[in-house]
>>> print(open('data22.cif').read())   # mmCIF, C-alpha atoms and all ligand atoms
data_start
#
loop_
_atom_site.group_PDB
_atom_site.id
_atom_site.type_symbol
_atom_site.label_atom_id
_atom_site.label_comp_id
_atom_site.auth_asym_id
_atom_site.auth_seq_id
_atom_site.Cartn_x
_atom_site.Cartn_y
_atom_site.Cartn_z
ATOM 1 C CA MET A 1 4.737 21.549 0.862
ATOM 2 C CA ILE A 2 3.014 21.713 4.240
ATOM 3 C CA THR A 3 -0.698 22.435 4.743
ATOM 4 C CA GLU A 4 -2.633 22.770 8.001
ATOM 5 C CA ILE A 5 -5.632 20.419 7.704
ATOM 6 C CA SER A 6 -6.978 20.908 11.228
ATOM 7 C CA ASP A 7 -5.796 22.582 14.438
ATOM 8 C CA LYS A 8 -2.058 21.744 14.795
ATOM 9 C CA PHE A 9 -2.509 18.946 12.298
ATOM 10 C CA TYR A 10 -0.533 19.138 9.060
ATOM 11 C CA ARG A 11 -0.193 17.379 5.744
ATOM 12 C CA ILE A 12 3.350 17.228 4.387
ATOM 13 C CA THR A 13 3.750 16.395 0.706
ATOM 14 C CA LEU A 14 6.973 14.582 -0.157
ATOM 15 C CA PRO A 15 8.484 13.379 -3.440
ATOM 16 C CA MET A 16 8.383 9.872 -4.896
ATOM 17 C CA PRO A 17 9.599 8.579 -8.259
ATOM 18 C CA PHE A 18 6.619 6.596 -9.560
ATOM 19 C CA ARG A 19 3.787 7.962 -11.660
ATOM 20 C CA LEU A 20 2.012 9.202 -8.517
ATOM 21 C CA ARG A 21 4.932 11.651 -8.017
ATOM 22 C CA HIS A 22 4.165 12.432 -4.389
ATOM 23 C CA VAL A 23 3.221 10.861 -1.074
ATOM 24 C CA HIS A 24 1.725 12.535 1.974
ATOM 25 C CA ALA A 25 2.870 12.241 5.575
ATOM 26 C CA TYR A 26 0.769 13.801 8.326
ATOM 27 C CA ALA A 27 2.078 15.572 11.429
ATOM 28 C CA LEU A 28 0.162 16.171 14.628
ATOM 29 C CA VAL A 29 1.770 18.681 16.978
ATOM 30 C CA ASP A 30 1.489 18.751 20.774
ATOM 31 C CA GLY A 31 3.751 21.358 22.424
ATOM 32 C CA LYS A 32 7.268 20.416 21.354
ATOM 33 C CA ASP A 33 6.312 16.903 20.284
ATOM 34 C CA ILE A 34 5.265 15.686 16.876
ATOM 35 C CA ALA A 35 3.459 12.501 15.929
ATOM 36 C CA LEU A 36 4.186 11.621 12.319
ATOM 37 C CA PHE A 37 1.764 9.385 10.419
ATOM 38 C CA ASP A 38 3.798 7.702 7.656
ATOM 39 C CA THR A 39 7.160 9.133 6.714
ATOM 40 C CA GLY A 40 7.523 9.392 2.956
ATOM 41 C CA MET A 41 10.130 7.637 0.869
ATOM 42 C CA ILE A 42 13.889 7.688 1.316
ATOM 43 C CA LEU A 43 15.165 9.713 -1.647
ATOM 44 C CA PRO A 44 17.983 12.240 -2.034
ATOM 45 C CA GLY A 45 16.724 15.529 -0.584
ATOM 46 C CA ALA A 46 13.605 14.047 1.055
ATOM 47 C CA PRO A 47 14.785 14.378 4.710
ATOM 48 C CA GLU A 48 15.852 17.981 4.004
ATOM 49 C CA LYS A 49 12.443 18.682 2.506
ATOM 50 C CA LEU A 50 10.705 17.249 5.592
ATOM 51 C CA GLU A 51 13.017 19.278 7.866
ATOM 52 C CA ALA A 52 12.293 22.511 5.939
ATOM 53 C CA ASP A 53 8.536 21.896 6.151
ATOM 54 C CA LEU A 54 8.717 21.230 9.898
ATOM 55 C CA GLU A 55 10.918 24.308 10.413
ATOM 56 C CA SER A 56 8.318 26.444 8.641
ATOM 57 C CA ILE A 57 5.906 25.657 11.511
ATOM 58 C CA GLY A 58 8.577 26.133 14.197
ATOM 59 C CA HIS A 59 9.560 22.493 14.640
ATOM 60 C CA SER A 60 12.224 20.063 13.496
ATOM 61 C CA ILE A 61 12.825 16.355 12.914
ATOM 62 C CA GLU A 62 14.334 16.102 16.432
ATOM 63 C CA GLY A 63 10.848 16.859 17.793
ATOM 64 C CA ILE A 64 9.272 13.735 16.309
ATOM 65 C CA SER A 65 8.356 11.649 19.339
ATOM 66 C CA ASP A 66 6.156 9.045 17.653
ATOM 67 C CA ILE A 67 5.817 7.553 14.189
ATOM 68 C CA TYR A 68 2.638 5.675 13.282
ATOM 69 C CA LEU A 69 2.736 3.604 10.094
ATOM 70 C CA THR A 70 -0.320 2.698 8.012
ATOM 71 C CA HIS A 71 1.718 0.003 6.219
ATOM 72 C CA VAL A 72 5.298 -0.801 5.302
ATOM 73 C CA HIS A 73 5.432 -0.032 1.583
ATOM 74 C CA THR A 74 8.596 1.972 1.002
ATOM 75 C CA ASP A 75 6.792 5.194 0.046
ATOM 76 C CA HIS A 76 5.065 5.177 3.450
ATOM 77 C CA CYS A 77 7.803 4.015 5.811
ATOM 78 C CA GLY A 78 11.064 4.644 3.919
ATOM 79 C CA MET A 79 12.345 7.426 6.167
ATOM 80 C CA ALA A 80 11.324 5.748 9.449
ATOM 81 C CA GLY A 81 14.852 4.505 10.214
ATOM 82 C CA ILE A 82 16.728 7.766 9.684
ATOM 83 C CA LEU A 83 14.044 9.792 11.459
ATOM 84 C CA GLN A 84 14.237 7.436 14.435
ATOM 85 C CA GLU A 85 18.027 7.819 14.474
ATOM 86 C CA LYS A 86 17.739 11.616 14.633
ATOM 87 C CA SER A 87 14.807 11.908 17.012
ATOM 88 C CA ASN A 88 14.612 8.641 18.974
ATOM 89 C CA ALA A 89 10.983 8.453 17.905
ATOM 90 C CA ARG A 90 8.885 5.524 19.068
ATOM 91 C CA ILE A 91 7.563 3.567 16.086
ATOM 92 C CA HIS A 92 4.115 1.977 16.090
ATOM 93 C CA LEU A 93 2.682 -0.407 13.499
ATOM 94 C CA SER A 94 0.518 -3.501 13.333
ATOM 95 C CA GLN A 95 2.052 -6.868 14.133
ATOM 96 C CA VAL A 96 1.303 -8.134 10.616
ATOM 97 C CA SER A 97 3.032 -5.056 9.114
ATOM 98 C CA HIS A 98 6.009 -5.890 11.295
ATOM 99 C CA GLN A 99 6.096 -9.446 9.889
ATOM 100 C CA VAL A 100 5.815 -8.123 6.321
ATOM 101 C CA HIS A 101 8.655 -5.700 7.039
ATOM 102 C CA GLU A 102 10.832 -8.562 8.329
ATOM 103 C CA HIS A 103 10.071 -10.542 5.158
ATOM 104 C CA PHE A 104 10.953 -7.589 2.904
ATOM 105 C CA GLN A 105 14.416 -7.543 4.498
ATOM 106 C CA GLN A 106 15.189 -11.130 3.407
ATOM 107 C CA THR A 107 16.041 -9.987 -0.112
ATOM 108 C CA ASP A 108 17.800 -13.152 -1.337
ATOM 109 C CA TYR A 109 14.960 -15.402 -0.230
ATOM 110 C CA LEU A 110 12.389 -12.979 -1.660
ATOM 111 C CA ILE A 111 14.142 -12.940 -5.037
ATOM 112 C CA GLY A 112 14.427 -16.752 -5.105
ATOM 113 C CA GLN A 113 10.724 -17.106 -4.329
ATOM 114 C CA ALA A 114 9.815 -14.423 -6.863
ATOM 115 C CA ARG A 115 11.734 -16.231 -9.639
ATOM 116 C CA LEU A 116 9.854 -19.469 -8.900
ATOM 117 C CA PHE A 117 6.504 -17.743 -8.515
ATOM 118 C CA TYR A 118 6.571 -15.630 -11.686
ATOM 119 C CA THR A 119 8.102 -18.400 -13.821
ATOM 120 C CA LYS A 120 5.273 -20.682 -12.663
ATOM 121 C CA HIS A 121 2.843 -17.997 -13.889
ATOM 122 C CA GLY A 122 4.241 -17.974 -17.422
ATOM 123 C CA VAL A 123 6.439 -14.893 -17.179
ATOM 124 C CA PRO A 124 9.329 -15.070 -19.732
ATOM 125 C CA THR A 125 12.850 -15.077 -18.245
ATOM 126 C CA ARG A 126 13.621 -11.543 -19.468
ATOM 127 C CA ASP A 127 10.537 -10.190 -17.703
ATOM 128 C CA VAL A 128 11.271 -12.219 -14.545
ATOM 129 C CA GLU A 129 14.683 -10.522 -14.408
ATOM 130 C CA ALA A 130 13.005 -7.093 -14.785
ATOM 131 C CA ILE A 131 10.823 -8.029 -11.778
ATOM 132 C CA VAL A 132 13.924 -9.100 -9.827
ATOM 133 C CA GLU A 133 15.462 -5.682 -10.535
ATOM 134 C CA GLU A 134 12.335 -3.988 -9.226
ATOM 135 C CA ILE A 135 12.469 -6.111 -6.041
ATOM 136 C CA GLU A 136 16.176 -5.312 -5.588
ATOM 137 C CA ASP A 137 15.453 -1.600 -6.007
ATOM 138 C CA MET A 138 12.605 -1.804 -3.486
ATOM 139 C CA SER A 139 14.801 -3.738 -1.035
ATOM 140 C CA SER A 140 17.464 -1.023 -1.183
ATOM 141 C CA ARG A 141 14.879 1.459 0.121
ATOM 142 C CA ILE A 142 13.603 -0.654 3.031
ATOM 143 C CA PRO A 143 14.546 0.980 6.307
ATOM 144 C CA LYS A 144 15.723 -0.748 9.464
ATOM 145 C CA PHE A 145 14.066 0.543 12.606
ATOM 146 C CA GLU A 146 13.071 -0.459 16.110
ATOM 147 C CA VAL A 147 9.426 -1.071 16.848
ATOM 148 C CA HIS A 148 8.003 0.183 20.141
ATOM 149 C CA THR A 149 4.396 -0.981 20.116
ATOM 150 C CA PHE A 150 2.072 -3.030 17.984
ATOM 151 C CA LEU A 151 -1.179 -1.327 17.086
ATOM 152 C CA GLN A 152 -4.233 -3.329 18.144
ATOM 153 C CA GLU A 153 -7.508 -3.522 16.251
ATOM 154 C CA ASN A 154 -9.964 -0.752 17.251
ATOM 155 C CA GLU A 155 -7.784 0.465 20.108
ATOM 156 C CA ILE A 156 -7.863 4.155 20.966
ATOM 157 C CA ARG A 157 -4.516 5.919 21.051
ATOM 158 C CA GLN A 158 -3.851 9.342 22.527
ATOM 159 C CA PHE A 159 -1.378 11.991 21.424
ATOM 160 C CA GLY A 160 -1.585 15.177 23.510
ATOM 161 C CA SER A 161 -5.272 15.924 23.799
ATOM 162 C CA ARG A 162 -6.116 14.138 20.516
ATOM 163 C CA LEU A 163 -7.648 10.674 20.495
ATOM 164 C CA PHE A 164 -7.590 8.466 17.446
ATOM 165 C CA GLU A 165 -8.730 4.946 16.646
ATOM 166 C CA VAL A 166 -6.745 2.209 14.939
ATOM 167 C CA ILE A 167 -8.829 0.639 12.158
ATOM 168 C CA PHE A 168 -7.509 -2.594 10.658
ATOM 169 C CA THR A 169 -7.887 -2.469 6.869
ATOM 170 C CA PRO A 170 -5.910 -5.342 5.271
ATOM 171 C CA GLY A 171 -6.088 -5.648 1.480
ATOM 172 C CA HIS A 172 -3.825 -3.184 -0.323
ATOM 173 C CA ALA A 173 -1.213 -4.561 2.078
ATOM 174 C CA ALA A 174 -1.478 -7.261 4.716
ATOM 175 C CA GLY A 175 -1.395 -5.440 8.053
ATOM 176 C CA HIS A 176 -2.620 -2.099 6.647
ATOM 177 C CA VAL A 177 -4.303 0.204 9.187
ATOM 178 C CA CYS A 178 -6.117 3.536 8.985
ATOM 179 C CA PHE A 179 -6.254 6.124 11.775
ATOM 180 C CA PHE A 180 -9.633 7.641 12.599
ATOM 181 C CA PHE A 181 -10.028 10.941 14.449
ATOM 182 C CA ARG A 182 -13.665 10.567 15.454
ATOM 183 C CA GLU A 183 -14.151 14.096 16.835
ATOM 184 C CA GLU A 184 -13.221 15.585 13.471
ATOM 185 C CA GLY A 185 -14.654 12.736 11.383
ATOM 186 C CA LEU A 186 -11.208 12.581 9.787
ATOM 187 C CA LEU A 187 -9.664 9.405 8.405
ATOM 188 C CA LEU A 188 -5.949 9.097 7.676
ATOM 189 C CA ALA A 189 -6.410 6.422 5.044
ATOM 190 C CA GLY A 190 -2.890 5.497 3.963
ATOM 191 C CA ASP A 191 -3.416 3.591 0.704
ATOM 192 C CA HIS A 192 -6.714 1.966 1.713
ATOM 193 C CA ILE A 193 -8.822 4.394 -0.295
ATOM 194 C CA LEU A 194 -7.474 6.887 -2.826
ATOM 195 C CA PRO A 195 -9.295 9.592 -4.784
ATOM 196 C CA TYR A 196 -8.068 8.952 -8.350
ATOM 197 C CA ILE A 197 -6.968 5.322 -8.631
ATOM 198 C CA PRO A 198 -8.077 2.102 -6.980
ATOM 199 C CA PRO A 199 -5.317 1.027 -4.550
ATOM 200 C CA SER A 200 -3.111 -1.685 -6.056
ATOM 201 C CA LEU A 201 -3.403 -5.305 -4.916
ATOM 202 C CA SER A 202 -0.484 -7.751 -4.743
ATOM 203 C CA PRO A 203 0.020 -11.349 -3.632
ATOM 204 C CA ASN A 204 1.957 -12.034 -0.469
ATOM 205 C CA ILE A 205 4.629 -14.548 -1.484
ATOM 206 C CA TYR A 206 5.030 -15.529 2.178
ATOM 207 C CA ASP A 207 1.350 -16.083 2.792
ATOM 208 C CA GLU A 208 -0.678 -17.791 0.078
ATOM 209 C CA ILE A 209 -3.710 -17.859 2.392
ATOM 210 C CA PHE A 210 -3.903 -14.048 2.272
ATOM 211 C CA GLN A 211 -6.613 -13.089 -0.227
ATOM 212 C CA PRO A 212 -5.918 -9.469 -1.169
ATOM 213 C CA LEU A 213 -9.165 -8.719 -3.036
ATOM 214 C CA ALA A 214 -11.517 -10.415 -0.554
ATOM 215 C CA SER A 215 -9.681 -8.762 2.383
ATOM 216 C CA TYR A 216 -9.702 -5.421 0.618
ATOM 217 C CA LEU A 217 -13.452 -5.522 -0.069
ATOM 218 C CA GLU A 218 -14.133 -6.532 3.554
ATOM 219 C CA SER A 219 -11.987 -3.610 4.729
ATOM 220 C CA LEU A 220 -13.926 -1.225 2.454
ATOM 221 C CA ALA A 221 -17.119 -2.404 4.185
ATOM 222 C CA VAL A 222 -15.497 -1.620 7.558
ATOM 223 C CA ILE A 223 -14.842 2.036 6.724
ATOM 224 C CA GLU A 224 -18.155 2.383 4.867
ATOM 225 C CA LYS A 225 -19.996 2.051 8.201
ATOM 226 C CA MET A 226 -17.920 4.700 9.971
ATOM 227 C CA PRO A 227 -18.968 8.363 10.393
ATOM 228 C CA ILE A 228 -16.228 9.722 8.118
ATOM 229 C CA ASP A 229 -16.573 13.345 6.965
ATOM 230 C CA ILE A 230 -13.223 13.686 5.243
ATOM 231 C CA VAL A 231 -10.533 11.323 4.023
ATOM 232 C CA TYR A 232 -6.866 12.278 3.950
ATOM 233 C CA PRO A 233 -5.156 9.667 1.767
ATOM 234 C CA GLY A 234 -1.497 8.800 1.227
ATOM 235 C CA HIS A 235 -1.669 10.137 -2.331
ATOM 236 C CA GLY A 236 -3.888 12.796 -3.892
ATOM 237 C CA ASN A 237 -6.313 15.350 -2.501
ATOM 238 C CA SER A 238 -8.545 14.949 0.505
ATOM 239 C CA PHE A 239 -12.141 14.070 -0.280
ATOM 240 C CA SER A 240 -15.618 13.637 1.199
ATOM 241 C CA GLY A 241 -18.426 11.371 0.044
ATOM 242 C CA ILE A 242 -16.671 8.141 0.866
ATOM 243 C CA GLU A 243 -19.743 6.011 -0.024
ATOM 244 C CA GLU A 244 -19.590 7.098 -3.668
ATOM 245 C CA ARG A 245 -15.858 6.424 -3.901
ATOM 246 C CA ILE A 246 -16.367 2.970 -2.352
ATOM 247 C CA ARG A 247 -19.066 2.220 -4.950
ATOM 248 C CA GLU A 248 -16.724 3.282 -7.778
ATOM 249 C CA ILE A 249 -13.925 1.053 -6.499
ATOM 250 C CA ARG A 250 -16.258 -1.944 -6.073
ATOM 251 C CA THR A 251 -17.517 -1.464 -9.641
ATOM 252 C CA HIS A 252 -13.928 -1.185 -10.911
ATOM 253 C CA HIS A 253 -13.044 -4.574 -9.404
ATOM 254 C CA GLU A 254 -16.217 -6.207 -10.763
ATOM 255 C CA LEU A 255 -15.481 -4.892 -14.271
ATOM 256 C CA LYS A 256 -11.878 -6.072 -14.089
ATOM 257 C CA LYS A 257 -12.961 -9.558 -13.051
ATOM 258 C CA GLU A 258 -15.476 -9.644 -15.905
ATOM 259 C CA ALA A 259 -12.804 -8.505 -18.402
ATOM 260 C CA LEU A 260 -10.586 -11.371 -17.259
ATOM 261 C CA ARG A 261 -13.427 -13.870 -17.654
ATOM 262 C CA GLN A 262 -13.899 -12.696 -21.233
ATOM 263 C CA ILE A 263 -10.180 -13.078 -21.970
ATOM 264 C CA LEU A 264 -10.331 -16.676 -20.714
ATOM 265 C CA LYS A 265 -13.406 -17.672 -22.742
ATOM 266 C CA SER A 266 -11.522 -19.024 -25.761
ATOM 267 C CA GLU A 267 -8.595 -21.049 -24.404
ATOM 268 C CA PRO A 268 -6.458 -21.646 -21.287
ATOM 269 C CA LYS A 269 -3.954 -18.866 -20.613
ATOM 270 C CA THR A 270 -1.241 -18.062 -18.102
ATOM 271 C CA THR A 271 -1.354 -15.093 -15.727
ATOM 272 C CA PHE A 272 1.274 -13.404 -17.913
ATOM 273 C CA THR A 273 -0.751 -13.842 -21.141
ATOM 274 C CA VAL A 274 -3.968 -12.660 -19.480
ATOM 275 C CA CYS A 275 -2.145 -9.603 -18.138
ATOM 276 C CA SER A 276 -0.573 -8.786 -21.536
ATOM 277 C CA GLU A 277 -3.960 -9.014 -23.240
ATOM 278 C CA LEU A 278 -5.570 -6.909 -20.531
ATOM 279 C CA ILE A 279 -3.022 -4.076 -20.795
ATOM 280 C CA GLY A 280 -2.784 -4.312 -24.578
ATOM 281 C CA ALA A 281 -1.057 -1.478 -26.405
ATOM 282 C CA ALA A 282 -0.928 0.692 -23.257
ATOM 283 C CA ALA A 283 2.013 -1.438 -22.060
ATOM 284 C CA ALA A 284 4.328 0.436 -24.444
ATOM 285 C CA ASN A 285 4.102 3.515 -22.194
ATOM 286 C CA TRP A 286 4.464 1.631 -18.926
ATOM 287 C CA ASP A 287 7.637 1.241 -16.913
ATOM 288 C CA ASP A 288 8.708 -2.083 -15.394
ATOM 289 C CA TRP A 289 7.207 -1.214 -12.013
ATOM 290 C CA GLU A 290 3.792 -0.555 -13.520
ATOM 291 C CA LYS A 291 3.923 -3.797 -15.514
ATOM 292 C CA PHE A 292 4.926 -5.644 -12.322
ATOM 293 C CA MET A 293 1.948 -4.129 -10.480
ATOM 294 C CA ALA A 294 -0.413 -5.088 -13.342
ATOM 295 C CA LEU A 295 0.870 -8.664 -13.304
ATOM 296 C CA ASN A 296 0.346 -8.877 -9.536
ATOM 297 C CA GLU A 297 -3.149 -7.534 -9.847
ATOM 298 C CA THR A 298 -3.999 -9.995 -12.646
ATOM 299 C CA TYR A 299 -2.867 -12.817 -10.359
ATOM 300 C CA VAL A 300 -5.064 -11.453 -7.557
ATOM 301 C CA TYR A 301 -8.153 -11.309 -9.824
ATOM 302 C CA LEU A 302 -7.503 -14.806 -11.220
ATOM 303 C CA GLN A 303 -7.294 -16.216 -7.692
ATOM 304 C CA ALA A 304 -10.554 -14.444 -6.801
ATOM 305 C CA LEU A 305 -12.283 -15.848 -9.913
ATOM 306 C CA LYS A 306 -10.966 -19.297 -9.058
ATOM 307 C CA ARG A 307 -12.421 -19.050 -5.562
ATOM 308 C CA ASP A 308 -15.733 -17.850 -7.061
ATOM 309 C CA GLY A 309 -15.777 -21.065 -9.119
ATOM 310 C CA ALA A 310 -15.769 -19.062 -12.378
ATOM 311 C CA ILE A 311 -12.449 -20.379 -13.695
ATOM 312 C CA GLN A 312 -10.149 -23.311 -13.043
ATOM 313 C CA GLU A 313 -6.394 -23.605 -12.632
ATOM 314 C CA THR A 314 -4.374 -26.411 -14.253
ATOM 315 C CA MET A 315 -0.652 -27.101 -14.352
ATOM 316 C CA MET A 316 0.490 -27.564 -17.970
ATOM 317 C CA ASN A 317 4.182 -28.217 -18.700
ATOM 318 C CA GLY A 318 5.212 -26.674 -15.381
ATOM 319 C CA VAL A 319 3.175 -23.502 -15.924
ATOM 320 C CA LEU A 320 -0.172 -22.626 -14.341
ATOM 321 C CA CYS A 321 -2.971 -22.021 -16.825
ATOM 322 C CA TYR A 322 -6.455 -20.674 -16.239
ATOM 323 C CA SER A 323 -9.568 -21.517 -18.208
ATOM 324 C CA ALA A 324 -13.295 -20.898 -18.067
ATOM 325 C CA VAL A 325 -15.301 -23.547 -16.213
HETATM 326 ZN ZN ZN B 1 1.021 1.136 -0.422
#
>>> encode(input="data22.cif", output="structure tokens")
Amino acid sequence: MITEISDKFYRITLPMPFRLRHVHAYALVDGKDIALFDTGMILPGAPEKLEADLESIGHSIEGISDIYLTHVHTDHCGMAGILQEKSNARIHLSQVSHQVHEHFQQTDYLIGQARLFYTKHGVPTRDVEAIVEEIEDMSSRIPKFEVHTFLQENEIRQFGSRLFEVIFTPGHAAGHVCFFFREEGLLLAGDHILPYIPPSLSPNIYDEIFQPLASYLESLAVIEKMPIDIVYPGHGNSFSGIEERIREIRTHHELKKEALRQILKSEPKTTFTVCSELIGAAAANWDDWEKFMALNETYVYLQALKRDGAIQETMMNGVLCYSAV
């Protein structure tokens, strides 16, 4: 589905397999050229769907001259490689996203590290293997592409007569950026802020210094100060009233942290146990990917609570346990 969101500016809705069901790419047209912001996921039929949508406005994949990526999760960059092959598009992303993308391609190392990491956090072998399968599946969808430029913080880019600003918003992913079209007050938000769910947070196995929640909250404060009239996210409908949505997301994270503190009141527990207690019976309806995401998020909250001084971490029989201070 393609929708014009502003003059010669389009939202293209593409399929994805997870519960979200869809992801948006955005296309800005200048004469024969197209700038594509995120690409959608590589799935059977997805390139044909993108081609049909572009044809409906008198264009084609060959016309894509530039691809700008908010981040390198596979639902946002998956088609970058094949689109570049067909169109010779120049690809632009942040330098940190580029590093993350390089790391994602080292599948064997990633899987080895993941086994160590999740075992250390109390995940039973069967569940570690389910995580490994998820990582293998994700790795099979990671595109190879050539990068043309690195996006710099707060720089102004031009496409045709349109100017847009590069806003660094690490948190949901290290290296995440949003694109701000100041004249229209329009923010292409990627996964930094979403209308229905709080964006997921995951550890970076390659960078233990990266603090996803603290970075994310700082990045929310960055966009809170900007004159944004309308947000076009990677998933879900566009929305206004960004301040209210930011408040809701902040409250969500506070409540989650408090719920974890309560779970840890009685006795020391591993990340896996805390996560299982937090999800409770709902886990029966969740697929392995969703459970993986929940486990990652639990880890992120526990690390944040540890830094706050609210809980402590101790190694017990080779497994990390958390307890109230
Ligand atoms: Zn994402």
>>> closest_residue(input="data22.cif", among="A:Ala283, A:Val222, A:Leu14, A:Val274", to="A:Asn296", atoms="all atoms listed in the file")
A:Val274
>>> closest_residue(input="data22.cif", among="A:Glu62, A:Asp191, A:Glu254, A:Glu243", to="ligand ZN 1 (chain B)", atoms="only C-alpha atoms and all ligand atoms")
A:Asp191
>>> closest_atom_pairs(input="data22.cif", of="chain A", to="ligand ZN 1 (chain B)", cutoff="8 Å", atoms="all atoms listed in the file", output="Markdown table")
| residue | atom | partner | partner_atom | distance |
| --- | --- | --- | --- | --- |
| A:His71 | CA | B:ZN1 | ZN | 6.8 |
| A:Val72 | CA | B:ZN1 | ZN | 7.4 |
| A:His73 | CA | B:ZN1 | ZN | 5.0 |
| A:Thr74 | CA | B:ZN1 | ZN | 7.8 |
| A:Asp75 | CA | B:ZN1 | ZN | 7.1 |
| A:His76 | CA | B:ZN1 | ZN | 6.9 |
| A:His172 | CA | B:ZN1 | ZN | 6.5 |
| A:Ala173 | CA | B:ZN1 | ZN | 6.6 |
| A:Gly190 | CA | B:ZN1 | ZN | 7.3 |
| A:Asp191 | CA | B:ZN1 | ZN | 5.2 |
| A:Pro199 | CA | B:ZN1 | ZN | 7.6 |
| A:Ser200 | CA | B:ZN1 | ZN | 7.5 |
>>> residues_around(input="data22.cif", residues="A:Arg157", least_positions_apart="4", cutoff="10 Å", atoms="all atoms listed in the file", output="ChimeraX atom specification")
/A:151-152,162-166,179,181
>>> atom_distance(input="data22.cif", atom1="atom CA of A:Ala310", atom2="atom CA of A:Pro170")
24.4 Å
>>> atom_distance(input="data22.cif", atom1="atom CA of A:Glu267", atom2="atom CA of A:Thr314")
12.2 Å
>>> atom_distance(input="data22.cif", atom1="atom CA of A:Tyr68", atom2="atom CA of A:Glu208")
27.1 Å
>>> resolve_selection(input="data22.cif", expression="the PyMOL selection byres (((chain A and resi 171) around 8) and not hetatm)", output="number ranges by chain")
A: 169-170, 172-174, 176, 192, 201, 211-217, 219
>>> resolve_selection(input="data22.cif", expression="the PyMOL selection byres (((chain A and resi 249-253) around 9) and not hetatm)", output="mmCIF file with C-alpha atoms, keeping the file's coordinate frame")
data_model
loop_
_atom_site.group_PDB
_atom_site.id
_atom_site.type_symbol
_atom_site.label_atom_id
_atom_site.label_comp_id
_atom_site.auth_asym_id
_atom_site.auth_seq_id
_atom_site.Cartn_x
_atom_site.Cartn_y
_atom_site.Cartn_z
ATOM 1 C CA ILE A 193 -8.822 4.394 -0.295
ATOM 2 C CA ILE A 197 -6.968 5.322 -8.631
ATOM 3 C CA PRO A 198 -8.077 2.102 -6.980
ATOM 4 C CA PRO A 199 -5.317 1.027 -4.550
ATOM 5 C CA LEU A 213 -9.165 -8.719 -3.036
ATOM 6 C CA LEU A 217 -13.452 -5.522 -0.069
ATOM 7 C CA LEU A 220 -13.926 -1.225 2.454
ATOM 8 C CA GLU A 244 -19.590 7.098 -3.668
ATOM 9 C CA ARG A 245 -15.858 6.424 -3.901
ATOM 10 C CA ILE A 246 -16.367 2.970 -2.352
ATOM 11 C CA ARG A 247 -19.066 2.220 -4.950
ATOM 12 C CA GLU A 248 -16.724 3.282 -7.778
ATOM 13 C CA GLU A 254 -16.217 -6.207 -10.763
ATOM 14 C CA LEU A 255 -15.481 -4.892 -14.271
ATOM 15 C CA LYS A 256 -11.878 -6.072 -14.089
ATOM 16 C CA LYS A 257 -12.961 -9.558 -13.051
ATOM 17 C CA GLU A 258 -15.476 -9.644 -15.905
ATOM 18 C CA TYR A 301 -8.153 -11.309 -9.824
#
>>> closest_residue(input="data22.cif", among="A:Asp38, A:Glu153, A:Asp66, A:Asp288", to="A:Met79", atoms="all atoms listed in the file")
A:Asp38
>>> resolve_selection(input="data22.cif", expression="the PyMOL selection byres (((chain A and resi 140) around 12) and not hetatm)", output="list in words")
Met41, Ile42, Leu43, Thr74, Gly78, Phe104, Gln105, Gln106, Thr107, Glu133, Glu134, Ile135, Glu136, Asp137, Met138, Ser139, Arg141, Ile142, Pro143 and Lys144 of chain A
>>> residues_around(input="data22.cif", residues="A:Lys8", least_positions_apart="4", cutoff="9 Å", atoms="all atoms listed in the file", output="ChimeraX atom specification")
/A:4,27-30
>>> build_atoms(input="data22.cif", residues="stretch 128-137 of chain A", atoms="N, CA and C atoms", output="PDB file, in the coordinates of the input")
ATOM      1  N   VAL A 128      11.020 -11.832 -15.947  1.00  0.00           N
ATOM      2  CA  VAL A 128      11.271 -12.219 -14.545  1.00  0.00           C
ATOM      3  C   VAL A 128      12.464 -11.410 -14.025  1.00  0.00           C
ATOM      4  N   GLU A 129      13.500 -11.270 -14.852  1.00  0.00           N
ATOM      5  CA  GLU A 129      14.683 -10.522 -14.408  1.00  0.00           C
ATOM      6  C   GLU A 129      14.357  -9.039 -14.187  1.00  0.00           C
ATOM      7  N   ALA A 130      13.444  -8.488 -15.000  1.00  0.00           N
ATOM      8  CA  ALA A 130      13.005  -7.093 -14.785  1.00  0.00           C
ATOM      9  C   ALA A 130      12.297  -6.979 -13.435  1.00  0.00           C
ATOM     10  N   ILE A 131      11.511  -8.017 -13.076  1.00  0.00           N
ATOM     11  CA  ILE A 131      10.823  -8.029 -11.778  1.00  0.00           C
ATOM     12  C   ILE A 131      11.861  -8.106 -10.654  1.00  0.00           C
ATOM     13  N   VAL A 132      12.875  -8.964 -10.847  1.00  0.00           N
ATOM     14  CA  VAL A 132      13.924  -9.100  -9.827  1.00  0.00           C
ATOM     15  C   VAL A 132      14.608  -7.741  -9.598  1.00  0.00           C
ATOM     16  N   GLU A 133      14.849  -7.011 -10.682  1.00  0.00           N
ATOM     17  CA  GLU A 133      15.462  -5.682 -10.535  1.00  0.00           C
ATOM     18  C   GLU A 133      14.568  -4.744  -9.731  1.00  0.00           C
ATOM     19  N   GLU A 134      13.271  -4.827  -9.975  1.00  0.00           N
ATOM     20  CA  GLU A 134      12.335  -3.988  -9.226  1.00  0.00           C
ATOM     21  C   GLU A 134      12.367  -4.353  -7.733  1.00  0.00           C
ATOM     22  N   ILE A 135      12.435  -5.672  -7.448  1.00  0.00           N
ATOM     23  CA  ILE A 135      12.469  -6.111  -6.041  1.00  0.00           C
ATOM     24  C   ILE A 135      13.777  -5.654  -5.387  1.00  0.00           C
ATOM     25  N   GLU A 136      14.885  -5.760  -6.135  1.00  0.00           N
ATOM     26  CA  GLU A 136      16.176  -5.312  -5.588  1.00  0.00           C
ATOM     27  C   GLU A 136      16.145  -3.813  -5.286  1.00  0.00           C
ATOM     28  N   ASP A 137      15.544  -3.043  -6.204  1.00  0.00           N
ATOM     29  CA  ASP A 137      15.453  -1.600  -6.007  1.00  0.00           C
ATOM     30  C   ASP A 137      14.609  -1.288  -4.769  1.00  0.00           C
TER      31      ASP A 137
END
